[in-house]
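Heads up, the thing below is written out as structure tokens.
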Amino acid sequence: MSPRQPRRRSYDQYCASARALDAVGDRWTLLIVRELLAGPRRYTDLHADLPGVSTDVLAGRLKDMEAQGLATRRKLPPPAAATVYELTARGAGLLPVLTALAEWGAPDLAERRPTDALRAHWYALPLLRRLPATGVPAVVDVVLDEGVFHVRLDGEGPARGDGPVYGDGPAGAADARLVLDADTCRELGEGVLDLARAVREGRLEVHGEGPAAAALRGE
């Protein structure tokens, strides 16, 4: 019996798509990117928010991502003194890729399977592209029964720059707060429901007093 061959690491094709898949085509890699788009995360946090991934696979993918220049790790100063992983600029450049994948896959969310895990912040990327222009930079908390996350806007759409575009949990000082259920959030992300209609129908509450909250209410 011939020895088992090592896993192929490259398609060996002079093609931009093949090169991209060499870097991010392995199972779990893009979902790790999804998590790190929310900002630096500890290994234990990543493992908790990627249900189904083994510790060996997660450690291996993170090592590969470091080698590919997609992520780095650093130790936080005291009192935290924890090691976190974060995206490089090249890794953060995958945001439009994840956004496009979310849009393409949205129709498959029509029915939640009994085995499906869910984290509130997984709704962030689909929702971000559907929020109207606020005219001013803003941080918006999104409150679901399943949890809370926040998104960052630059006045015209998702925030651009070096920082994360969304984060798990509430922001320290949000400019507006959206309260809705998961089905409404999913419909908003799919584009079958817009924010103004959701407000009119009482499916979405927008809390806040500033111009960003007013814009989100359609005022």
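We label chains A, B, ... in the order they appear in the structure tokens, count residues from 1 in each chain, and number ligands from 1 in the order shown.
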
Counting only C-alpha atoms, which residues in range 31-64 of chain A sit no more than 12 Å from range 117-123 of chain A? For each one, give the nearest pair of atoms and the distance in Å, sorted by chain then residue number, as JSON lines.
```
{"residue": "A:Leu31", "atom": "CA", "partner": "A:Trp122", "partner_atom": "CA", "distance": 10.0}
{"residue": "A:Ile32", "atom": "CA", "partner": "A:Trp122", "partner_atom": "CA", "distance": 11.8}
{"residue": "A:Val33", "atom": "CA", "partner": "A:Trp122", "partner_atom": "CA", "distance": 12.0}
{"residue": "A:Arg34", "atom": "CA", "partner": "A:Trp122", "partner_atom": "CA", "distance": 8.2}
{"residue": "A:Glu35", "atom": "CA", "partner": "A:Trp122", "partner_atom": "CA", "distance": 8.5}
{"residue": "A:Leu36", "atom": "CA", "partner": "A:His121", "partner_atom": "CA", "distance": 11.6}
{"residue": "A:Leu37", "atom": "CA", "partner": "A:His121", "partner_atom": "CA", "distance": 10.7}
{"residue": "A:Ala38", "atom": "CA", "partner": "A:His121", "partner_atom": "CA", "distance": 8.7}
{"residue": "A:Ala48", "atom": "CA", "partner": "A:Arg119", "partner_atom": "CA", "distance": 10.1}
{"residue": "A:Asp49", "atom": "CA", "partner": "A:Arg119", "partner_atom": "CA", "distance": 7.2}
{"residue": "A:Leu50", "atom": "CA", "partner": "A:Ala117", "partner_atom": "CA", "distance": 9.0}
{"residue": "A:Pro51", "atom": "CA", "partner": "A:Ala117", "partner_atom": "CA", "distance": 7.1}
{"residue": "A:Gly52", "atom": "CA", "partner": "A:Ala117", "partner_atom": "CA", "distance": 9.2}
```

Give me the residues within 10 Å of Val148 in chain A as JSON, numbers by chain, counting only C-alpha atoms and dropping any in the same chain fewer than 4 places off. {"A": [119, 120, 121, 141, 142, 143, 144, 167, 168, 169, 170, 171, 178, 179]}

Just how far from CA of Ala67 in chain A is CA of Asp12 in chain A, in Å to one decimal?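 It comes out at 17.7 Å.
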
Test item, strand (DSSP E or B) assignment across range 1-207 of chain A, answer as a VMD selection string: chain A and resid 41 to 42 71 to 75 83 to 87 138 to 144 147 to 153 158 166 to 168 176 to 180 204 to 207

List the spatial neighbours of Asp22 in chain A as a PyMOL selection string - criterion: any atom at most 8 Å away, only C-alpha atoms, same-chain residues fewer than 2 positions off excluded. chain A and resi 9-11+18-20+24-26

Write out the residues from the selection above, keeping C-alpha atoms, as a compact mmCIF listing (two decimals), in the first residue's frame.
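Okay, out09.txt is ready:
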```txt
# COMPACT_ATOMS: atom_id res chain seq x y z
CA ARG A 9 -1.86 23.01 -0.72
CA SER A 10 -2.10 24.67 -4.11
CA TYR A 11 -4.07 24.33 -7.32
CA ALA A 18 -7.08 29.76 -8.04
CA ARG A 19 -4.53 31.81 -6.11
CA ALA A 20 -7.32 33.22 -3.92
CA VAL A 24 -8.89 30.96 1.67
CA GLY A 25 -10.44 27.90 0.03
CA ASP A 26 -9.98 25.54 2.98
```
